[in-house]
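**Student:** Can you read through this structure? Questions will come right after.
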Amino acid sequence: MAHTAQATAVPGWVLKFMDAIDTLEFGTGFAPLTDNTDMYFGAAHIHGVEAIKEFFVKIDAPLVISHEVLEFWTAGDGVRLLRGEAVMAKKDEPERVVRAPFMHIFYLDQEEPVRIRTLRVTAGPLQTDAVM
């Protein structure tokens, strides 16, 4: 049976992307996103890099959050899979820490430099009342 995805080292652009979400300092971490990038976060559909930035500011600004990449795979046709865990707490309740698994599926338009056509994000399950 042929493998359709291979575990690989986490590329630098992914680590920068995760750091940009944690710090809300988008700079080079969001360079792979374009005005045409579509992000699906659960049921939400967000189009374009500026709208994606605004979305992350809205959901993450009230939180102290850290994303840890646990596994990364490369599949054909520019598909990249990431499994991780977010550790988060409300800024005004830092002692109430919640951990939530997440999965990102990146569909790349191009490899060099990396440009993301579509990003699909699933997160949870988690106790939403603990952080929201």
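Every chain in the structure tokens has a letter given in the order shown (A, B, ...), and although residue numbers restart at 1 in each chain, ligands are simply numbered from 1 in the order shown.
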I'd like the neighbourhood of range 92-103 of chain A as number ranges by chain, where a residue qualifies if any of its atoms comes within 6 Å (using only C-alpha atoms), though same-chain residues fewer than 6 positions away should be ignored.
**Tutor:** A: 82-86, 121-124, 126
**Student:** Give me the residues near Arg120 in chain A as a list in words, where near means some atom within 12 Å (using only C-alpha atoms) and where sequence neighbours in that chain fewer than 5 positions away do not count.
**Tutor:**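 These residues fall inside the cut-off: Thr37, Asp38, Met39, Tyr40, Phe41, Gly42, Ala43, Ala44, His45, Ile46, His47, Val79, Arg80, Leu81, Leu82, Arg83, Phe102, Met103, His104, Ile105, Phe106, Tyr107 and Leu108 of chain A.
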**Student:** Just the residues within 12 Å of Gln110 in chain A, please, counting only C-alpha atoms, with nothing from its chain fewer than 6 positions along; format it as a VMD selection string.
**Tutor:** chain A and resid 32 to 34 77 to 80 116 to 118
**Student:** Return as an MDAnalysis selection string the full set of residues in chain A whose backbone-based DSSP assignment is helix (DSSP H, G or I).
**Tutor:** chainID A and resid 12:23 28:30 49:60 128:131
**Student:** With distances taken over only C-alpha atoms, which residue among A:Phe26, A:Trp73, A:Trp13, A:Phe55 lies nearest Arg115 in chain A?
**Tutor:**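 Closest residue, counting only C-alpha atoms: A:Trp13.
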**Student:** How would you write, as a PyMOL selection string, the set of residues in chain A that DSSP gives as strand (DSSP E)?
**Tutor:** chain A and resi 5-7+38-41+44-47+63-75+79-90+98-110+115-123
**Student:** Near Lys16 in chain A, within 12 Å and counting only C-alpha atoms, which residues show up once chain neighbours fewer than 3 positions away are dropped, as a PyMOL selection string?
**Tutor:** chain A and resi 10-13+19-32+67-69
